[in-house]
Structures are given as C-alpha cells and as structure tokens.
$ cat final_19.cif   # mmCIF, C-alpha atoms and all ligand atoms
data_entry
#
loop_
_atom_site.label_atom_id
_atom_site.label_comp_id
_atom_site.auth_asym_id
_atom_site.auth_seq_id
_atom_site.Cartn_x
_atom_site.Cartn_y
_atom_site.Cartn_z
CA MET A 508 10.53 6.34 -10.98
CA THR A 509 10.61 8.20 -7.71
CA THR A 510 8.06 10.67 -6.41
CA ASP A 511 8.87 13.52 -4.06
CA TYR A 512 6.15 13.26 -1.42
CA ASP A 513 7.58 16.34 0.31
CA GLY A 514 6.71 18.24 -2.89
CA TYR A 515 3.25 18.44 -4.48
CA GLN A 516 1.85 15.08 -3.29
CA HIS A 517 1.71 15.89 0.43
CA THR A 518 -0.53 18.89 -0.32
CA VAL A 519 -3.27 16.72 -1.88
CA TYR A 520 -2.72 13.14 -0.75
CA ALA A 521 -5.00 13.00 2.30
CA ARG A 522 -7.92 14.59 0.41
CA GLY A 523 -7.33 12.84 -2.88
CA ARG A 524 -6.93 9.38 -1.34
CA ALA A 525 -9.21 9.61 1.73
CA LEU A 526 -10.74 6.25 2.67
CA LEU A 527 -14.52 6.01 2.50
CA PRO A 528 -16.08 4.16 5.49
CA GLU A 529 -16.92 1.20 3.17
CA ALA A 530 -13.29 1.00 2.06
CA ALA A 531 -11.99 1.21 5.64
CA GLN A 532 -14.32 -1.67 6.52
CA ALA A 533 -13.16 -3.81 3.59
CA TRP A 534 -9.48 -3.27 4.49
CA THR A 535 -10.14 -3.86 8.20
CA ALA A 536 -11.66 -7.24 7.31
CA ALA A 537 -8.65 -8.08 5.11
CA PHE A 538 -6.14 -7.12 7.83
CA GLN A 539 -8.07 -9.25 10.33
CA ARG A 540 -8.11 -12.19 7.89
CA TRP A 541 -4.34 -12.23 7.57
CA ALA A 542 -2.90 -10.86 10.84
CA PRO A 543 -1.29 -13.75 12.74
CA ALA A 544 -3.17 -14.77 15.91
CA GLY A 545 -2.12 -12.65 18.88
CA THR A 546 -0.69 -9.83 16.75
CA ALA A 547 0.74 -7.26 19.16
CA ILE A 548 3.17 -5.15 17.10
CA VAL A 549 2.28 -3.88 13.63
CA LEU A 550 4.38 -1.84 11.21
CA ASP A 551 2.74 0.36 8.58
CA LEU A 552 5.79 0.91 6.38
CA GLY A 553 5.54 3.98 4.16
CA SER A 554 2.56 5.13 6.22
CA GLY A 555 2.25 8.45 4.38
CA THR A 556 -0.49 10.62 5.86
CA GLY A 557 -1.58 7.75 8.12
CA ARG A 558 -4.45 6.56 5.95
CA PHE A 559 -4.17 3.00 7.23
CA THR A 560 -2.28 3.37 10.50
CA PRO A 561 -5.27 3.93 12.84
CA VAL A 562 -7.26 1.42 10.73
CA LEU A 563 -4.61 -1.19 11.56
CA ALA A 564 -4.74 -0.22 15.25
CA GLU A 565 -8.49 -0.87 15.31
CA ALA A 566 -8.30 -4.02 13.17
CA CYS A 567 -5.64 -5.68 15.34
CA LYS A 568 -6.75 -4.35 18.75
CA PRO A 569 -5.08 -4.63 21.24
CA CYS A 570 -1.78 -3.85 19.52
CA GLN A 571 0.83 -1.14 19.04
CA VAL A 572 1.21 0.23 15.51
CA TYR A 573 4.29 2.03 14.19
CA GLY A 574 3.88 4.17 11.09
CA VAL A 575 7.32 4.56 9.49
CA GLU A 576 7.54 7.19 6.79
CA PRO A 577 10.50 8.96 5.10
CA SER A 578 8.68 12.12 3.96
CA ASP A 579 8.68 14.68 6.79
CA ARG A 580 5.67 16.47 5.36
CA MET A 581 3.56 13.34 4.85
CA ARG A 582 4.47 12.21 8.38
CA ALA A 583 3.62 15.62 9.87
CA ILE A 584 0.10 15.35 8.40
CA ALA A 585 -0.26 11.86 9.90
CA GLU A 586 0.91 13.14 13.29
CA ARG A 587 -1.67 15.94 13.14
CA ASP A 588 -4.67 14.22 11.52
CA ALA A 589 -4.34 10.44 11.93
CA THR A 590 -3.81 10.11 15.66
CA HIS A 591 -4.76 7.05 17.70
CA PRO A 592 -3.69 6.02 21.22
CA ALA A 593 -2.06 2.86 19.86
CA VAL A 594 -0.21 4.57 16.98
CA ARG A 595 3.26 6.13 16.88
CA TYR A 596 4.81 7.68 13.79
CA LEU A 597 8.57 7.40 13.23
CA ALA A 598 11.00 8.72 10.63
CA GLY A 599 12.54 5.91 8.61
CA SER A 600 12.26 4.03 5.36
CA ALA A 601 11.98 0.52 3.96
CA THR A 602 15.77 0.21 4.04
CA ASP A 603 16.14 1.80 7.49
CA ILE A 604 13.39 0.72 9.89
CA PRO A 605 13.87 2.08 13.43
CA LEU A 606 12.59 -1.11 15.11
CA PRO A 607 14.45 -4.06 16.66
CA ASP A 608 15.11 -7.44 15.01
CA GLY A 609 12.13 -9.83 15.09
CA SER A 610 9.86 -7.25 16.70
CA CYS A 611 6.88 -7.17 14.28
CA ASP A 612 4.00 -9.60 13.90
CA LEU A 613 2.62 -7.83 10.85
CA VAL A 614 4.08 -5.44 8.27
CA LEU A 615 1.92 -3.58 5.76
CA LEU A 616 3.32 -2.14 2.52
CA PHE A 617 0.39 -0.31 0.96
CA LEU A 618 1.24 1.21 -2.43
CA VAL A 619 4.84 1.74 -1.34
CA LEU A 620 6.94 -0.89 -3.10
CA GLN A 621 6.95 0.97 -6.43
CA HIS A 622 8.74 3.88 -4.73
CA VAL A 623 11.47 1.79 -3.10
CA THR A 624 14.65 2.04 -5.14
CA ASP A 625 16.69 -0.72 -3.50
CA LYS A 626 14.12 -3.50 -3.23
CA PRO A 627 16.54 -6.30 -2.20
CA ALA A 628 17.82 -4.11 0.69
CA ALA A 629 14.23 -3.32 1.72
CA ALA A 630 13.30 -7.00 1.62
CA ALA A 631 16.26 -7.86 3.89
CA GLU A 632 15.29 -5.06 6.29
CA ILE A 633 11.65 -6.21 6.42
CA ARG A 634 12.73 -9.82 7.07
CA ARG A 635 14.94 -8.47 9.86
CA VAL A 636 12.07 -6.81 11.74
CA LEU A 637 9.51 -9.61 11.16
CA ARG A 638 9.36 -12.28 13.83
CA PRO A 639 9.28 -15.94 12.76
CA GLY A 640 5.71 -16.62 11.61
CA GLY A 641 5.11 -12.88 11.15
CA ARG A 642 3.36 -11.76 7.98
CA LEU A 643 3.95 -9.19 5.27
CA LEU A 644 0.92 -7.74 3.47
CA ILE A 645 1.67 -6.09 0.15
CA ARG A 646 -0.99 -4.04 -1.61
CA SER A 647 0.45 -3.30 -5.02
CA THR A 648 -0.39 -3.24 -8.70
CA PHE A 649 1.14 -6.24 -10.43
CA PRO A 650 1.70 -5.53 -14.14
CA ASP A 651 1.18 -9.21 -14.95
CA ARG A 652 -2.33 -8.87 -13.45
CA MET A 653 -2.91 -5.27 -14.57
CA PRO A 654 -6.41 -4.29 -13.45
CA VAL A 655 -8.72 -2.38 -15.79
CA LEU A 656 -9.23 0.69 -13.62
CA ARG A 657 -11.95 3.22 -14.24
CA TRP A 658 -9.56 6.16 -14.45
CA HIS A 659 -7.27 4.34 -16.90
CA ARG A 660 -10.08 4.58 -19.49
CA TYR A 661 -9.61 8.35 -19.54
CA PHE A 662 -5.80 8.29 -19.42
CA PRO A 663 -4.81 5.49 -21.82
CA GLY A 664 -1.06 6.07 -21.25
CA ALA A 665 -1.40 5.28 -17.51
CA PRO A 666 -1.21 1.45 -17.72
CA ALA A 667 2.12 1.65 -19.61
CA VAL A 668 3.52 4.02 -16.96
CA GLU A 669 2.37 1.67 -14.19
CA ARG A 670 3.84 -1.35 -15.99
CA ARG A 671 7.23 0.37 -15.78
CA MET A 672 6.67 1.59 -12.24
CA PHE A 673 5.52 -1.57 -10.43
CA PRO A 674 7.29 -4.93 -10.05
CA THR A 675 5.39 -7.99 -11.31
CA LEU A 676 3.94 -10.53 -8.91
CA GLN A 677 6.83 -12.91 -9.62
CA GLU A 678 9.47 -10.17 -9.18
CA THR A 679 7.83 -9.20 -5.88
CA MET A 680 7.78 -12.80 -4.62
CA ASP A 681 11.38 -13.33 -5.75
CA VAL A 682 12.72 -10.19 -4.07
CA PHE A 683 11.18 -11.06 -0.69
CA GLY A 684 11.90 -14.79 -0.92
CA LEU A 685 9.17 -15.53 1.62
CA PRO A 686 6.57 -18.31 1.37
CA LEU A 687 3.21 -17.36 -0.12
CA VAL A 688 0.20 -17.51 2.17
CA ALA A 689 -2.40 -16.04 -0.19
CA LEU A 690 -3.15 -13.64 -2.99
CA ASP A 691 -6.31 -11.99 -1.75
CA THR A 692 -8.67 -9.59 -3.54
CA VAL A 693 -10.18 -6.65 -1.73
CA ARG A 694 -13.03 -4.68 -3.28
CA GLU A 695 -12.69 -1.01 -2.46
CA ARG A 696 -15.22 1.79 -2.91
CA PHE A 697 -13.45 4.92 -4.14
CA ALA A 698 -16.39 7.29 -4.56
CA PRO A 699 -20.17 7.29 -4.29
CA SER A 700 -20.54 8.61 -7.88
CA LEU A 701 -18.53 9.36 -11.01
CA ARG A 702 -18.83 13.05 -10.15
CA ALA A 703 -17.20 12.52 -6.74
CA TYR A 704 -14.60 10.23 -8.33
CA ALA A 705 -13.73 12.93 -10.89
CA ALA A 706 -13.40 15.57 -8.17
CA ARG A 707 -10.91 13.36 -6.34
CA LEU A 708 -8.93 12.56 -9.45
CA GLU A 709 -8.65 16.28 -10.25
CA LEU A 710 -6.39 16.56 -7.20
CA ARG A 711 -3.94 14.20 -8.97
CA ALA A 712 -3.00 12.46 -5.75
CA ILE A 713 -1.73 9.52 -7.86
CA SER A 714 1.94 9.66 -8.72
CA THR A 715 1.28 8.12 -12.19
CA PHE A 716 0.01 11.55 -13.33
CA GLU A 717 3.54 12.90 -12.94
CA HIS A 718 4.59 10.70 -15.87
CA LEU A 719 1.78 11.67 -18.30
CA SER A 720 2.00 14.57 -20.75
CA ASP A 721 0.01 17.78 -20.15
CA ALA A 722 -1.93 17.11 -23.36
CA GLU A 723 -2.93 13.63 -22.22
CA ILE A 724 -3.94 14.90 -18.79
CA GLU A 725 -6.03 17.69 -20.29
CA ALA A 726 -7.77 15.35 -22.75
CA GLY A 727 -8.48 12.81 -20.00
CA PHE A 728 -9.99 15.33 -17.62
CA THR A 729 -12.10 16.91 -20.38
CA ALA A 730 -13.65 13.50 -21.17
CA LEU A 731 -14.03 12.59 -17.50
CA ARG A 732 -15.70 15.92 -16.62
CA ALA A 733 -18.15 15.46 -19.51
CA ASP A 734 -19.11 11.93 -18.35
CA ALA A 735 -19.39 13.08 -14.74
CA ALA A 736 -21.63 16.00 -15.72
CA ALA A 737 -23.85 13.64 -17.73
CA GLU A 738 -24.31 11.21 -14.84
CA THR A 739 -27.96 11.20 -13.80
CA ASP A 740 -28.15 8.12 -11.52
CA PRO A 741 -24.98 8.09 -9.41
CA VAL A 742 -23.24 4.73 -9.42
CA PRO A 743 -20.45 4.11 -6.87
CA VAL A 744 -16.96 3.61 -8.31
CA GLU A 745 -15.42 0.43 -6.92
CA GLU A 746 -12.35 -1.56 -7.95
CA ASP A 747 -10.66 -4.78 -6.90
CA SER A 748 -7.16 -4.59 -5.41
CA ASP A 749 -4.62 -7.38 -5.01
CA LEU A 750 -3.27 -8.06 -1.54
CA LEU A 751 -0.26 -10.38 -1.44
CA VAL A 752 0.25 -12.20 1.87
CA LEU A 753 3.72 -13.59 2.66
CA GLN A 754 4.96 -15.24 5.84
CA HIS A 755 8.37 -15.05 7.43
CA ASP A 756 9.39 -18.67 7.93
CA PRO A 757 13.11 -18.54 8.61
CA PRO A 758 14.89 -21.71 7.49
CA GLY A 759 14.74 -24.32 10.23
CA PRO A 760 17.20 -27.18 10.69
CA ASP A 761 18.36 -28.81 7.44
CA PRO A 762 15.58 -31.34 6.58
CA ALA A 763 18.23 -33.78 5.28
CA LYS A 764 19.64 -33.96 8.83
CA GLN A 765 16.13 -34.52 10.25
CA ARG A 766 15.43 -37.66 8.18
CA PRO A 767 14.99 -40.89 10.08
CA ASP A 768 17.60 -43.65 9.56
CA TRP A 769 15.34 -45.65 7.23
CA TRP A 770 14.85 -42.69 4.76
C1 LIG B 1 1.32 6.12 -2.45
S1 LIG B 1 1.94 6.63 -0.90
C2 LIG B 1 1.18 5.42 0.18
C3 LIG B 1 1.03 5.91 1.59
C4 LIG B 1 0.20 5.00 2.48
N1 LIG B 1 0.78 3.68 2.56
C5 LIG B 1 -1.19 4.93 1.93
O1 LIG B 1 -1.58 3.91 1.36
O2 LIG B 1 -1.90 5.92 2.07
C6 LIG B 1 3.61 6.10 -0.92
C7 LIG B 1 4.37 6.41 0.36
O3 LIG B 1 5.59 5.68 0.36
C8 LIG B 1 6.58 6.51 0.92
N2 LIG B 1 7.90 6.02 0.50
C9 LIG B 1 8.63 6.38 -0.59
N3 LIG B 1 9.80 5.74 -0.59
C10 LIG B 1 9.82 4.95 0.50
C11 LIG B 1 10.78 4.06 1.08
N4 LIG B 1 11.95 3.83 0.48
N5 LIG B 1 10.47 3.46 2.23
C12 LIG B 1 9.28 3.66 2.83
N6 LIG B 1 8.34 4.50 2.34
C13 LIG B 1 8.61 5.13 1.19
C14 LIG B 1 6.25 7.88 0.39
O4 LIG B 1 6.89 8.91 1.11
C15 LIG B 1 4.73 7.88 0.51
O5 LIG B 1 4.31 8.35 1.75
#

$ encode --input "final_19.cif" --output "structure tokens" --more "lines below"
Ligand SMILES: C[S@@+](CC[C@H](N)C(=O)[O-])C[C@H]1O[C@@H](n2cnc3c(N)ncnc32)[C@H](O)[C@@H]1O
Amino acid sequence: MTTDYDGYQHTVYARGRALLPEAAQAWTAAFQRWAPAGTAIVLDLGSGTGRFTPVLAEACKPCQVYGVEPSDRMRAIAERDATHPAVRYLAGSATDIPLPDGSCDLVLLFLVLQHVTDKPAAAAEIRRVLRPGGRLLIRSTFPDRMPVLRWHRYFPGAPAVERRMFPTLQETMDVFGLPLVALDTVRERFAPSLRAYAARLELRAISTFEHLSDAEIEAGFTALRADAAAETDPVPVEEDSDLLVLQHDPPGPDPAKQRPDWW
C-alpha cells in the first residue's frame, strides 16, 4: 500500500498534520527520554515536510540532524518552511541513506514504516548507519495494539485498512532484530476542539483515506461535521501514540568463548 507523496499529499500534509505546541512539547520530552547520552548526530528518516526535524534539533541540542526524504516535493516544503541551523535535508530513502556507516546516535521513523516496501532491506540499512549503542525510535500504529482513534469512529472501514497497512509490533521487532529498550506511550494533542479537528481531517492528510470508498468518506464527513457544529464547549482532541525504542547492540564476542574455565 504505497502513497505518492509527490502527488496530492504534499499539497495538504503540512497544514493537515501541523504539530500543536503541546504536541511538540510531548514529543520533545519523549525524544529527550530516549536519545542516548551525548547524542550528536540524528537522522529523521522519511522526514516529509520537516514536521519533526527542527523539533529533534532542539530536543537533542547541540546536535546535527539530517532529514532524509524520498519525495522531492515533501522535501522542498521542508527546505522552505522547516529550517533550523542544525538541520540539513537530503534526498534518500530507508533503503538508501546517504550517511556513513555507524554515523548516527539516533534514528527516528515517524509514521514511515508502513510506506517502506522492502522492510528487511530498510532494517539492514538503518543498522548500518546506527552506531553501536545508538537507538531507533519508531512511531507507528501496531495492528495488535490498534488504538481507538477519534476519527475512526466516523470512518469505520479505517481500522481494517490500517491493519493491512501497518506491520504488527512483533513483525516490526522481528524485521529490525534489535533489542527492545521500551514501548513508550506519548499523549498528543491534535486539535483544541472537535471543530478544529474536523477542519484538519477535511484536508485528508492521512493516507488511509486513499483506501476508503467515496461513499464512506462522504458519510463520515457528514457525521463529523454535524457533531462539530453541535459542539458547544470545545474539548481538545488528544490520543495516545506508541513509540517503540530499539537499541543497536551489535553482537559482541561469542559468550561461550568468554566463559571462565570453571563454567
Ligand atoms: C506519513 S509521512 C511522515 C512524514 C514525517 N515523518 C512526519 O511525521 O511528519 C510518510 C513519509 O514517508 C516517506 N517515505 C515513503 N517511503 C519511504 C521510504 N522508503 N523511505 C523513507 N521515507 C519514505 C514519504 O515520502 C512521506 O514523506
């Protein structure tokens, strides 16, 4: 299930997925929790319009952040609108990262893995650029822990699409073959009210919409608009997101050869 980010998505993504200050703060705290001590080089892989690239630069200061992104149009928006003195955007992909072996302390994959066709090749490439002890942060939707998202209530076919689209937690762990550090939960504010949430969703900056029928989309937005119009006391829309933390611990010497004589 691939999405052409050079097509429709790049025209709406930055507006439809803009980070609220509360969300930027929550993700900054998460990045700081899991970045290895002394992090100097960070890779935002599949950086899109640069939503998280300057956030990473601030969270891990002082550091250099590379945003690697295959879509020319998404990357051009990042280069124009998500600038930061410690950020550089590069053309590349999860299977072709233009950085040297063992150069990264931290790699972020934020809602990218579902778009990567050759996941074993991407995992090998990410292990190549991570230094020993470096960490990989994966923000994804794991179908075996499918969250009950607010917008899914209006588009009941969406969870089935996402179950097909995203690898499970176990599949993700297996493909990377890296030791687990943590499975963290980050609470993110998406909108200050249902009305604002609906306005964002109308932009359809979520690739799942591309796999729903026109009739389902129309019915969902009709119901959502009605609820948004009826909202009298605005309540912020917030959801929990999984953040998987893995660490690159390359195999050391064979433990059998390290055993003392009396073992
Ligand atoms: C949902 S967007 C996420 C963008 C950004 N990480 C964010 O959270 O705002 C998915 C991004 O992954 C990129 N992408 C698709 N296939 C990729 C691949 N094989 N390697 C790296 N990035 C890829 C897309 O071009 C798109 O920018």

$ closest_atom_pairs --input "final_19.cif" --of "chain A" --to "ligand LIG 1 (chain B)" --cutoff "10 Å" --atoms "only C-alpha atoms and all ligand atoms" --output "Markdown table"
| residue | atom | partner | partner_atom | distance |
| --- | --- | --- | --- | --- |
| A:Thr509 | CA | B:LIG1 | N3 | 7.6 |
| A:Thr510 | CA | B:LIG1 | C9 | 7.3 |
| A:Asp511 | CA | B:LIG1 | O4 | 7.2 |
| A:Tyr512 | CA | B:LIG1 | O4 | 5.1 |
| A:Asp513 | CA | B:LIG1 | O4 | 7.5 |
| A:Gln516 | CA | B:LIG1 | C15 | 8.6 |
| A:His517 | CA | B:LIG1 | O5 | 8.1 |
| A:Tyr520 | CA | B:LIG1 | O2 | 7.8 |
| A:Ala521 | CA | B:LIG1 | O2 | 7.7 |
| A:Arg524 | CA | B:LIG1 | O2 | 7.0 |
| A:Ala525 | CA | B:LIG1 | O2 | 8.2 |
| A:Leu526 | CA | B:LIG1 | O2 | 8.9 |
| A:Asp551 | CA | B:LIG1 | N1 | 7.1 |
| A:Leu552 | CA | B:LIG1 | C12 | 5.7 |
| A:Gly553 | CA | B:LIG1 | N6 | 3.4 |
| A:Ser554 | CA | B:LIG1 | N1 | 4.3 |
| A:Gly555 | CA | B:LIG1 | O5 | 3.3 |
| A:Thr556 | CA | B:LIG1 | O2 | 6.2 |
| A:Gly557 | CA | B:LIG1 | O2 | 6.3 |
| A:Arg558 | CA | B:LIG1 | O2 | 4.7 |
| A:Phe559 | CA | B:LIG1 | O2 | 6.3 |
| A:Thr560 | CA | B:LIG1 | N1 | 8.5 |
| A:Gly574 | CA | B:LIG1 | N1 | 9.1 |
| A:Val575 | CA | B:LIG1 | C12 | 7.0 |
| A:Glu576 | CA | B:LIG1 | N6 | 5.3 |
| A:Pro577 | CA | B:LIG1 | O4 | 5.4 |
| A:Ser578 | CA | B:LIG1 | O4 | 4.7 |
| A:Asp579 | CA | B:LIG1 | O4 | 8.3 |
| A:Arg580 | CA | B:LIG1 | O4 | 8.8 |
| A:Met581 | CA | B:LIG1 | O5 | 5.9 |
| A:Arg582 | CA | B:LIG1 | O5 | 7.7 |
| A:Ala585 | CA | B:LIG1 | O2 | 10.0 |
| A:Ala598 | CA | B:LIG1 | C12 | 9.5 |
| A:Gly599 | CA | B:LIG1 | C12 | 7.0 |
| A:Ser600 | CA | B:LIG1 | N5 | 3.7 |
| A:Ala601 | CA | B:LIG1 | N5 | 3.7 |
| A:Thr602 | CA | B:LIG1 | N4 | 6.4 |
| A:Asp603 | CA | B:LIG1 | N5 | 7.9 |
| A:Ile604 | CA | B:LIG1 | N5 | 8.6 |
| A:Leu615 | CA | B:LIG1 | N1 | 8.0 |
| A:Leu616 | CA | B:LIG1 | N1 | 6.4 |
| A:Phe617 | CA | B:LIG1 | N1 | 4.3 |
| A:Leu618 | CA | B:LIG1 | C1 | 4.9 |
| A:Val619 | CA | B:LIG1 | O3 | 4.4 |
| A:Leu620 | CA | B:LIG1 | C10 | 7.4 |
| A:Gln621 | CA | B:LIG1 | N3 | 8.1 |
| A:His622 | CA | B:LIG1 | N3 | 4.7 |
| A:Val623 | CA | B:LIG1 | N4 | 4.1 |
| A:Thr624 | CA | B:LIG1 | N4 | 6.5 |
| A:Asp625 | CA | B:LIG1 | N4 | 7.7 |
| A:Lys626 | CA | B:LIG1 | N4 | 8.5 |
| A:Ala628 | CA | B:LIG1 | N4 | 9.9 |
| A:Ala629 | CA | B:LIG1 | N4 | 7.6 |
| A:Arg646 | CA | B:LIG1 | O1 | 8.5 |
| A:Ser647 | CA | B:LIG1 | C1 | 9.8 |
| A:Ala712 | CA | B:LIG1 | C1 | 8.4 |
| A:Ile713 | CA | B:LIG1 | C1 | 7.1 |
| A:Ser714 | CA | B:LIG1 | C1 | 7.2 |
| A:Thr715 | CA | B:LIG1 | C1 | 9.9 |

$ residues_near_point --input "final_19.cif" --point "(-6.0, -9.6, 14.1)" --cutoff "9 Å" --atoms "only C-alpha atoms" --output "list of chain:residue names"
A:Phe538, A:Gln539, A:Arg540, A:Trp541, A:Ala542, A:Pro543, A:Ala544, A:Gly545, A:Thr546, A:Ala547, A:Leu563, A:Ala566, A:Cys567, A:Lys568, A:Pro569, A:Cys570

$ write_last_selection --input "final_19.cif" --atoms "C-alpha atoms" --output "mmCIF file, in the frame of the given file"
data_model
loop_
_atom_site.group_PDB
_atom_site.id
_atom_site.type_symbol
_atom_site.label_atom_id
_atom_site.label_comp_id
_atom_site.auth_asym_id
_atom_site.auth_seq_id
_atom_site.Cartn_x
_atom_site.Cartn_y
_atom_site.Cartn_z
ATOM 1 C CA PHE A 538 -6.140 -7.120 7.830
ATOM 2 C CA GLN A 539 -8.070 -9.250 10.330
ATOM 3 C CA ARG A 540 -8.110 -12.190 7.890
ATOM 4 C CA TRP A 541 -4.340 -12.230 7.570
ATOM 5 C CA ALA A 542 -2.900 -10.860 10.840
ATOM 6 C CA PRO A 543 -1.290 -13.750 12.740
ATOM 7 C CA ALA A 544 -3.170 -14.770 15.910
ATOM 8 C CA GLY A 545 -2.120 -12.650 18.880
ATOM 9 C CA THR A 546 -0.690 -9.830 16.750
ATOM 10 C CA ALA A 547 0.740 -7.260 19.160
ATOM 11 C CA LEU A 563 -4.610 -1.190 11.560
ATOM 12 C CA ALA A 566 -8.300 -4.020 13.170
ATOM 13 C CA CYS A 567 -5.640 -5.680 15.340
ATOM 14 C CA LYS A 568 -6.750 -4.350 18.750
ATOM 15 C CA PRO A 569 -5.080 -4.630 21.240
ATOM 16 C CA CYS A 570 -1.780 -3.850 19.520
#

$ closest_residue --input "final_19.cif" --among "A:Gly664, A:Pro592, A:Pro650, A:Pro699" --to "Gln677 (chain A)" --atoms "only C-alpha atoms"
A:Pro650

$ atom_distance --input "final_19.cif" --atom1 "CA of Ala736 (chain A)" --atom2 "CA of Arg702 (chain A)"
6.9 Å

$ residues_near_point --input "final_19.cif" --point "(2.9, 7.9, -21.4)" --cutoff "10 Å" --atoms "only C-alpha atoms" --output "VMD selection string"
chain A and resid 662 to 669 715 to 720 723

$ residues_around --input "final_19.cif" --residues "Gly641 (chain A)" --least-positions-apart "6" --cutoff "8 Å" --atoms "all atoms listed in the file" --output "ChimeraX atom specification"
/A:543,611-613,754-756

$ atom_distance --input "final_19.cif" --atom1 "CA of Leu606 (chain A)" --atom2 "CA of Gln571 (chain A)"
12.4 Å

$ residues_around --input "final_19.cif" --residues "Phe697 (chain A)" --least-positions-apart "2" --cutoff "7 Å" --atoms "all atoms listed in the file" --output "list of chain:residue names"
A:Leu527, A:Glu695, A:Tyr704, A:Val744, A:Glu745

$ write_last_selection --input "final_19.cif" --atoms "C-alpha atoms" --output "PDB file, in the frame of the given file"
ATOM      1  CA  LEU A 527     -14.520   6.010   2.500  1.00  0.00           C
ATOM      2  CA  GLU A 695     -12.690  -1.010  -2.460  1.00  0.00           C
ATOM      3  CA  TYR A 704     -14.600  10.230  -8.330  1.00  0.00           C
ATOM      4  CA  VAL A 744     -16.960   3.610  -8.310  1.00  0.00           C
ATOM      5  CA  GLU A 745     -15.420   0.430  -6.920  1.00  0.00           C
TER       6      GLU A 745
END
